[in-house]
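A.B. asks: After the structure tokens below, expect a handful of questions from me.
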Amino acid sequence: MSVTAVVKNCGSLLEGPYWDLPSQTFYFVDITGNTVHRYKPANGSHEQVNVGENVGTVIKTKSGKILVASKCRFAYLDWSTGALTTVAKVDKDLPNNRFNDGKCDAKGRFWAGTMGPESSPAVVLPKQGSLFCLHPDKSVTKHAQDVDISNGIAWSLDNKIMYYIDTLTRMIEAFDFNLETGETSNRRPAVKIPDEEGFPDGMCIDTEGMLWLACFSKARVNRYNPITGEKLKTIMFPATNITSCCFGGPNLDELYVTSSREGISDEIVKNEQPLAGSIFKVTGLGVTGFASREFNDL
Ligand code: BGC
Ligand code: CA
């Protein structure tokens with residue numbers, strides 16, 4: 001297995017990894033840098049656009065557009081200008097909230113959650129966030145509330161379970177999931193993450209149904225069996241604040257990993273983790289995953 005920094009020092013709070021299979025392009029965001037990025041591994045090109053507000057997640061849509069969960073709204077992004085066009089608003093009475101992590105389910109609904117203002121990494125105004133779902137008809141439903149930091153989301157291979165992380169619970173939780181309706185029920189713990197593994201942040205699932213979890217503050221991505229709760233593997237990175245991961249590459253056998261340098265002093269970055277705020281790629285995993293899913297706006 002090998003870890004390489006593929007886009008170095010390209011932002012502050014890098015998040016929202018998204019592998020666009022049709023164009024072989026890796027999209028991601030810099031939440032506090034207010035930017036959406038795209039990187040093409042085939043020729044090494046890296047572009048970014050400023051959207052003027054904190055942007056938590058970027059995804060593609062079936063009609064070929066770019067959709068973001070940004071500040072307190074779902075919005076289409078015009079890549080050529082950075083202009084956002086609101087699709088739906090959330091948390092209307094909580095103007096200091098912002099969207100964080102999100103992902104589409106197998107029916108093309110876009111799930112994303114919010115959080116309250118953060119004074120330093122993982123120190124947040126408590127219980128301000130919620131988990132929302134944007135449906136293809138553009139209606140929005142709420143599926144969790146009193147959330148501290150809404151984070152990783154993934155679905156079991158049979159789509160009967162939705163895995164979800166509210167970071168400060170230090171757990172991956174499970175909901176029963178109804179793929180046809182998007183309803184969630186029976187929230188319960190699935191994997192407990194011990195303090196020494198860090199804060200559970202973003203995650204994705206592989207073709208064996210195992211979860212790959214970004215462990216914020218502890219420089220690692222861990223692979224877990226969500227049925228038994230067992231930890232199966234650890235990959236270490238040269239940056240402590242690992243925020244999320246997704247599968248990518250032509251064969252979906254590479255893991256793209258985002259990191260943060262937000263809240264880390266210039267001195268520590270310089271002396272201890274000069275690659276904080278970079279994108280890493282892991283090869284030689286011995287397992288494949290799935291391309292990121294599009295929003296169904298057809
Ligand atoms: C958020 C950060 C937060 C971190 C904690 C990330 O998903 O974007 O603001 O500090 O989670 O794990
Ligand atoms: Ca995250």
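Note on naming: chains are A, B, ... as they come in the structure tokens, residues start from 1 per chain, ligands start from 1 in the order shown.
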Name all residues at most 9 Å from Glu272 (chain A) (count only C-alpha atoms; drop same-chain ones fewer than 3 positions away) and give them as a count of residues only.

C.D. replies: 6

A.B. asks: Please give me, as a list in words, the residues lying within 8 Å of ligand 2 when counting only C-alpha atoms and all ligand atoms.

C.D. replies: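 Those residues are Glu15, Gly16, Asn100, Asp101, Ser150, Asn151, Gly152, Asp201, Gly202, Met203, Thr243 and Ser244 of chain A.
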
A.B. asks: Save out the residues we just selected, all heavy atoms, as a PDB file, in the first residue's frame.

C.D. replies:
ATOM      1  N   GLU A  15     -12.418  18.858   2.137  1.00  0.00           N
ATOM      2  CA  GLU A  15     -13.524  17.960   2.493  1.00  0.00           C
ATOM      3  C   GLU A  15     -14.259  17.554   1.222  1.00  0.00           C
ATOM      4  O   GLU A  15     -13.903  17.962   0.123  1.00  0.00           O
ATOM      5  CB  GLU A  15     -14.502  18.723   3.400  1.00  0.00           C
ATOM      6  CG  GLU A  15     -14.202  18.590   4.886  1.00  0.00           C
ATOM      7  CD  GLU A  15     -14.753  17.295   5.439  1.00  0.00           C
ATOM      8  OE1 GLU A  15     -15.268  16.468   4.668  1.00  0.00           O
ATOM      9  OE2 GLU A  15     -14.646  17.096   6.655  1.00  0.00           O
ATOM     10  N   GLY A  16     -15.337  16.787   1.431  1.00  0.00           N
ATOM     11  CA  GLY A  16     -16.283  16.502   0.358  1.00  0.00           C
ATOM     12  C   GLY A  16     -15.700  15.801  -0.850  1.00  0.00           C
ATOM     13  O   GLY A  16     -15.996  16.167  -1.997  1.00  0.00           O
ATOM     14  N   ASN A 100     -22.133  20.701   6.208  1.00  0.00           N
ATOM     15  CA  ASN A 100     -20.873  19.961   6.259  1.00  0.00           C
ATOM     16  C   ASN A 100     -20.963  18.810   5.257  1.00  0.00           C
ATOM     17  O   ASN A 100     -21.343  19.036   4.114  1.00  0.00           O
ATOM     18  CB  ASN A 100     -20.626  19.530   7.719  1.00  0.00           C
ATOM     19  CG  ASN A 100     -19.196  19.140   7.984  1.00  0.00           C
ATOM     20  OD1 ASN A 100     -18.273  19.770   7.479  1.00  0.00           O
ATOM     21  ND2 ASN A 100     -18.990  18.086   8.757  1.00  0.00           N
ATOM     22  N   ASP A 101     -20.740  17.589   5.670  1.00  0.00           N
ATOM     23  CA  ASP A 101     -20.638  16.434   4.787  1.00  0.00           C
ATOM     24  C   ASP A 101     -21.964  16.061   4.115  1.00  0.00           C
ATOM     25  O   ASP A 101     -23.029  16.281   4.692  1.00  0.00           O
ATOM     26  CB  ASP A 101     -20.192  15.260   5.662  1.00  0.00           C
ATOM     27  CG  ASP A 101     -19.205  14.370   4.976  1.00  0.00           C
ATOM     28  OD1 ASP A 101     -19.310  14.196   3.764  1.00  0.00           O
ATOM     29  OD2 ASP A 101     -18.326  13.844   5.681  1.00  0.00           O
ATOM     30  N   SER A 150     -22.552  17.190  11.882  1.00  0.00           N
ATOM     31  CA  SER A 150     -23.075  16.199  10.938  1.00  0.00           C
ATOM     32  C   SER A 150     -21.963  15.822   9.979  1.00  0.00           C
ATOM     33  O   SER A 150     -21.338  16.683   9.370  1.00  0.00           O
ATOM     34  CB  SER A 150     -24.271  16.770  10.172  1.00  0.00           C
ATOM     35  OG  SER A 150     -24.927  15.729   9.476  1.00  0.00           O
ATOM     36  N   ASN A 151     -21.714  14.519   9.849  1.00  0.00           N
ATOM     37  CA  ASN A 151     -20.539  14.122   9.076  1.00  0.00           C
ATOM     38  C   ASN A 151     -20.821  12.929   8.174  1.00  0.00           C
ATOM     39  O   ASN A 151     -21.864  12.900   7.523  1.00  0.00           O
ATOM     40  CB  ASN A 151     -19.349  13.934  10.037  1.00  0.00           C
ATOM     41  CG  ASN A 151     -18.228  14.873   9.679  1.00  0.00           C
ATOM     42  OD1 ASN A 151     -17.964  15.103   8.497  1.00  0.00           O
ATOM     43  ND2 ASN A 151     -17.563  15.423  10.674  1.00  0.00           N
ATOM     44  N   GLY A 152     -19.934  11.922   8.150  1.00  0.00           N
ATOM     45  CA  GLY A 152     -19.969  10.859   7.153  1.00  0.00           C
ATOM     46  C   GLY A 152     -21.305  10.155   7.016  1.00  0.00           C
ATOM     47  O   GLY A 152     -22.077  10.029   7.970  1.00  0.00           O
ATOM     48  N   ASP A 201     -15.068  11.076  11.159  1.00  0.00           N
ATOM     49  CA  ASP A 201     -15.383  12.203  10.270  1.00  0.00           C
ATOM     50  C   ASP A 201     -16.066  11.665   9.010  1.00  0.00           C
ATOM     51  O   ASP A 201     -17.147  11.076   9.110  1.00  0.00           O
ATOM     52  CB  ASP A 201     -14.078  12.991  10.006  1.00  0.00           C
ATOM     53  CG  ASP A 201     -14.344  14.392   9.525  1.00  0.00           C
ATOM     54  OD1 ASP A 201     -15.210  14.572   8.668  1.00  0.00           O
ATOM     55  OD2 ASP A 201     -13.665  15.336   9.978  1.00  0.00           O
ATOM     56  N   GLY A 202     -15.463  11.785   7.842  1.00  0.00           N
ATOM     57  CA  GLY A 202     -16.114  11.283   6.628  1.00  0.00           C
ATOM     58  C   GLY A 202     -15.890   9.787   6.456  1.00  0.00           C
ATOM     59  O   GLY A 202     -14.966   9.220   7.033  1.00  0.00           O
ATOM     60  N   MET A 203     -16.736   9.138   5.632  1.00  0.00           N
ATOM     61  CA  MET A 203     -16.529   7.701   5.380  1.00  0.00           C
ATOM     62  C   MET A 203     -17.098   7.297   4.026  1.00  0.00           C
ATOM     63  O   MET A 203     -17.896   8.013   3.426  1.00  0.00           O
ATOM     64  CB  MET A 203     -17.167   6.850   6.481  1.00  0.00           C
ATOM     65  CG  MET A 203     -18.668   6.926   6.532  1.00  0.00           C
ATOM     66  SD  MET A 203     -19.346   5.853   7.834  1.00  0.00           S
ATOM     67  CE  MET A 203     -20.969   6.609   8.017  1.00  0.00           C
ATOM     68  N   THR A 243      -9.997  14.238   7.001  1.00  0.00           N
ATOM     69  CA  THR A 243     -11.414  14.616   7.069  1.00  0.00           C
ATOM     70  C   THR A 243     -12.372  13.692   6.330  1.00  0.00           C
ATOM     71  O   THR A 243     -13.522  13.532   6.754  1.00  0.00           O
ATOM     72  CB  THR A 243     -11.605  16.050   6.528  1.00  0.00           C
ATOM     73  OG1 THR A 243     -11.038  16.110   5.217  1.00  0.00           O
ATOM     74  CG2 THR A 243     -10.931  17.072   7.421  1.00  0.00           C
ATOM     75  N   SER A 244     -11.955  13.094   5.211  1.00  0.00           N
ATOM     76  CA  SER A 244     -12.897  12.240   4.492  1.00  0.00           C
ATOM     77  C   SER A 244     -12.163  11.429   3.433  1.00  0.00           C
ATOM     78  O   SER A 244     -10.968  11.655   3.182  1.00  0.00           O
ATOM     79  CB  SER A 244     -13.994  13.086   3.844  1.00  0.00           C
ATOM     80  OG  SER A 244     -15.057  12.253   3.425  1.00  0.00           O
TER      81      SER A 244
END

A.B. asks: All residues within 9 Å of ligand 1 are required, counting only C-alpha atoms and all ligand atoms; please report them as an NGL selection string.

C.D. replies: :A and (13-16 or 31-32 or 56 or 99-101 or 115 or 117-118 or 120-124 or 149-152 or 167-168 or 198-202 or 214-217 or 241-244 or 260 or 262-263)

A.B. asks: To one decimal place, how far is CA of Trp155 (chain A) from CA of His135 (chain A) in Å?

C.D. replies: 16.5 Å

A.B. asks: Leaving out region 170-177 of chain A and any residue of its chain fewer than 3 positions from it, which residues lie within 8 Å of it when counting only C-alpha atoms, given as a ChimeraX atom specification?

C.D. replies: /A:159-167,182-195,199-200

A.B. asks: Between A:Tyr256, A:Glu294, A:Gln48, A:Asn271, which one has atoms that come closest to Gly64 (chain A), using only C-alpha atoms?

C.D. replies: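 Among the listed residues, the smallest separation from Gly64 (chain A) belongs to A:Glu294.
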
A.B. asks: Contacts of region 223-236 of chain A at 7 Å or less, counting only C-alpha atoms, minus same-chain residues fewer than 3 places along, as a list of chain:residue names?

C.D. replies: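 Selected residues are A:Ala190, A:Val191, A:Met210, A:Leu211, A:Trp212, A:Leu213, A:Ala219, A:Arg220.
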
A.B. asks: Nearest residue to Thr57 (chain A) out of A:Lys92, A:Lys103, A:Lys8, A:Lys142, using only C-alpha atoms?

C.D. replies: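 So, comparing all the options, the nearest one is A:Lys103.
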
A.B. asks: Do a neighbour search on region 104-109 of chain A at 7 Å with only C-alpha atoms, toss out local chain neighbours closer than 3 positions, and write the hits as a list in words.

C.D. replies: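 Near neighbours after the sequence-gap exclusion: Cys133, Leu134, His135, Pro136, Arg293, Glu294, Phe295 and Asn296 of chain A.
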
A.B. asks: Name the residues in contact with Val282 (chain A) at a cut-off of 9 Å, using only C-alpha atoms, excluding same-chain residues fewer than 3 positions from it; report them as number ranges by chain.

C.D. replies: A: 1-5, 235, 253-257, 285

A.B. asks: Can you write just those residues out, all heavy atoms, as a PDB file, in the first residue's frame?

C.D. replies:
ATOM      1  N   MET A   1       0.846  -1.201   0.000  1.00  0.00           N
ATOM      2  CA  MET A   1       0.000   0.000   0.000  1.00  0.00           C
ATOM      3  C   MET A   1       0.878   1.246   0.000  1.00  0.00           C
ATOM      4  O   MET A   1       1.882   1.272   0.691  1.00  0.00           O
ATOM      5  CB  MET A   1      -0.829  -0.010   1.282  1.00  0.00           C
ATOM      6  CG  MET A   1      -2.221   0.484   1.080  1.00  0.00           C
ATOM      7  SD  MET A   1      -3.304  -0.066   2.383  1.00  0.00           S
ATOM      8  CE  MET A   1      -2.325   0.148   3.845  1.00  0.00           C
ATOM      9  N   SER A   2       0.514   2.241  -0.773  1.00  0.00           N
ATOM     10  CA  SER A   2       1.317   3.464  -0.696  1.00  0.00           C
ATOM     11  C   SER A   2       0.449   4.715  -0.699  1.00  0.00           C
ATOM     12  O   SER A   2      -0.622   4.749  -1.308  1.00  0.00           O
ATOM     13  CB  SER A   2       2.359   3.492  -1.811  1.00  0.00           C
ATOM     14  OG  SER A   2       1.824   4.043  -2.959  1.00  0.00           O
ATOM     15  N   VAL A   3       0.908   5.715   0.049  1.00  0.00           N
ATOM     16  CA  VAL A   3       0.192   6.979   0.222  1.00  0.00           C
ATOM     17  C   VAL A   3       0.997   8.076  -0.468  1.00  0.00           C
ATOM     18  O   VAL A   3       2.177   8.241  -0.181  1.00  0.00           O
ATOM     19  CB  VAL A   3       0.058   7.322   1.735  1.00  0.00           C
ATOM     20  CG1 VAL A   3      -0.540   8.705   1.932  1.00  0.00           C
ATOM     21  CG2 VAL A   3      -0.756   6.261   2.462  1.00  0.00           C
ATOM     22  N   THR A   4       0.352   8.812  -1.380  1.00  0.00           N
ATOM     23  CA  THR A   4       1.026   9.908  -2.085  1.00  0.00           C
ATOM     24  C   THR A   4       0.195  11.170  -1.961  1.00  0.00           C
ATOM     25  O   THR A   4      -1.035  11.108  -2.087  1.00  0.00           O
ATOM     26  CB  THR A   4       1.112   9.596  -3.605  1.00  0.00           C
ATOM     27  OG1 THR A   4       1.455   8.239  -3.766  1.00  0.00           O
ATOM     28  CG2 THR A   4       2.125  10.465  -4.302  1.00  0.00           C
ATOM     29  N   ALA A   5       0.854  12.312  -1.756  1.00  0.00           N
ATOM     30  CA  ALA A   5       0.140  13.597  -1.803  1.00  0.00           C
ATOM     31  C   ALA A   5       0.025  13.982  -3.271  1.00  0.00           C
ATOM     32  O   ALA A   5       1.039  14.189  -3.940  1.00  0.00           O
ATOM     33  CB  ALA A   5       0.914  14.655  -1.025  1.00  0.00           C
ATOM     34  N   ILE A 235      -4.615   2.960   7.939  1.00  0.00           N
ATOM     35  CA  ILE A 235      -3.643   3.594   7.033  1.00  0.00           C
ATOM     36  C   ILE A 235      -3.258   4.922   7.667  1.00  0.00           C
ATOM     37  O   ILE A 235      -4.137   5.724   8.004  1.00  0.00           O
ATOM     38  CB  ILE A 235      -4.258   3.881   5.650  1.00  0.00           C
ATOM     39  CG1 ILE A 235      -4.935   2.640   5.075  1.00  0.00           C
ATOM     40  CG2 ILE A 235      -3.205   4.409   4.686  1.00  0.00           C
ATOM     41  CD1 ILE A 235      -5.733   2.934   3.804  1.00  0.00           C
ATOM     42  N   ASP A 253     -10.076   1.440  -7.474  1.00  0.00           N
ATOM     43  CA  ASP A 253      -9.287   0.712  -6.479  1.00  0.00           C
ATOM     44  C   ASP A 253      -8.299   1.632  -5.755  1.00  0.00           C
ATOM     45  O   ASP A 253      -7.350   1.186  -5.128  1.00  0.00           O
ATOM     46  CB  ASP A 253      -8.542  -0.462  -7.139  1.00  0.00           C
ATOM     47  CG  ASP A 253      -7.626  -0.008  -8.278  1.00  0.00           C
ATOM     48  OD1 ASP A 253      -7.644   1.203  -8.628  1.00  0.00           O
ATOM     49  OD2 ASP A 253      -6.901  -0.856  -8.818  1.00  0.00           O
ATOM     50  N   GLU A 254      -8.536   2.934  -5.878  1.00  0.00           N
ATOM     51  CA  GLU A 254      -7.691   3.908  -5.172  1.00  0.00           C
ATOM     52  C   GLU A 254      -8.563   4.677  -4.185  1.00  0.00           C
ATOM     53  O   GLU A 254      -9.759   4.867  -4.429  1.00  0.00           O
ATOM     54  CB  GLU A 254      -7.083   4.892  -6.177  1.00  0.00           C
ATOM     55  CG  GLU A 254      -6.220   4.197  -7.213  1.00  0.00           C
ATOM     56  CD  GLU A 254      -5.828   5.095  -8.385  1.00  0.00           C
ATOM     57  OE1 GLU A 254      -6.489   6.121  -8.622  1.00  0.00           O
ATOM     58  OE2 GLU A 254      -4.856   4.738  -9.054  1.00  0.00           O
ATOM     59  N   LEU A 255      -7.965   5.132  -3.099  1.00  0.00           N
ATOM     60  CA  LEU A 255      -8.713   5.901  -2.120  1.00  0.00           C
ATOM     61  C   LEU A 255      -8.187   7.340  -2.134  1.00  0.00           C
ATOM     62  O   LEU A 255      -6.986   7.567  -1.930  1.00  0.00           O
ATOM     63  CB  LEU A 255      -8.542   5.282  -0.725  1.00  0.00           C
ATOM     64  CG  LEU A 255      -9.542   5.691   0.345  1.00  0.00           C
ATOM     65  CD1 LEU A 255     -10.940   5.146   0.022  1.00  0.00           C
ATOM     66  CD2 LEU A 255      -9.109   5.173   1.720  1.00  0.00           C
ATOM     67  N   TYR A 256      -9.084   8.279  -2.418  1.00  0.00           N
ATOM     68  CA  TYR A 256      -8.730   9.706  -2.350  1.00  0.00           C
ATOM     69  C   TYR A 256      -9.105  10.213  -0.966  1.00  0.00           C
ATOM     70  O   TYR A 256     -10.214   9.959  -0.481  1.00  0.00           O
ATOM     71  CB  TYR A 256      -9.466  10.493  -3.430  1.00  0.00           C
ATOM     72  CG  TYR A 256      -8.813  10.387  -4.781  1.00  0.00           C
ATOM     73  CD1 TYR A 256      -9.140   9.368  -5.659  1.00  0.00           C
ATOM     74  CD2 TYR A 256      -7.833  11.295  -5.163  1.00  0.00           C
ATOM     75  CE1 TYR A 256      -8.513   9.261  -6.898  1.00  0.00           C
ATOM     76  CE2 TYR A 256      -7.198  11.189  -6.396  1.00  0.00           C
ATOM     77  CZ  TYR A 256      -7.544  10.185  -7.256  1.00  0.00           C
ATOM     78  OH  TYR A 256      -6.910  10.085  -8.466  1.00  0.00           O
ATOM     79  N   VAL A 257      -8.179  10.929  -0.343  1.00  0.00           N
ATOM     80  CA  VAL A 257      -8.324  11.289   1.067  1.00  0.00           C
ATOM     81  C   VAL A 257      -8.075  12.791   1.227  1.00  0.00           C
ATOM     82  O   VAL A 257      -7.090  13.317   0.715  1.00  0.00           O
ATOM     83  CB  VAL A 257      -7.326  10.470   1.920  1.00  0.00           C
ATOM     84  CG1 VAL A 257      -7.397  10.860   3.388  1.00  0.00           C
ATOM     85  CG2 VAL A 257      -7.586   8.974   1.751  1.00  0.00           C
ATOM     86  N   LEU A 285      -4.650  -1.039  -2.254  1.00  0.00           N
ATOM     87  CA  LEU A 285      -5.550  -1.351  -1.132  1.00  0.00           C
ATOM     88  C   LEU A 285      -5.994  -2.812  -1.143  1.00  0.00           C
ATOM     89  O   LEU A 285      -6.377  -3.356  -0.106  1.00  0.00           O
ATOM     90  CB  LEU A 285      -6.819  -0.487  -1.232  1.00  0.00           C
ATOM     91  CG  LEU A 285      -6.673   1.004  -1.008  1.00  0.00           C
ATOM     92  CD1 LEU A 285      -7.895   1.723  -1.564  1.00  0.00           C
ATOM     93  CD2 LEU A 285      -6.535   1.283   0.481  1.00  0.00           C
TER      94      LEU A 285
END

A.B. asks: Select, from A:Val49, A:Val58, A:Phe28, A:Ala69, the residue with the minimum atom-to-atom distance to Cys245 (chain A), counting only C-alpha atoms.

C.D. replies: A:Phe28
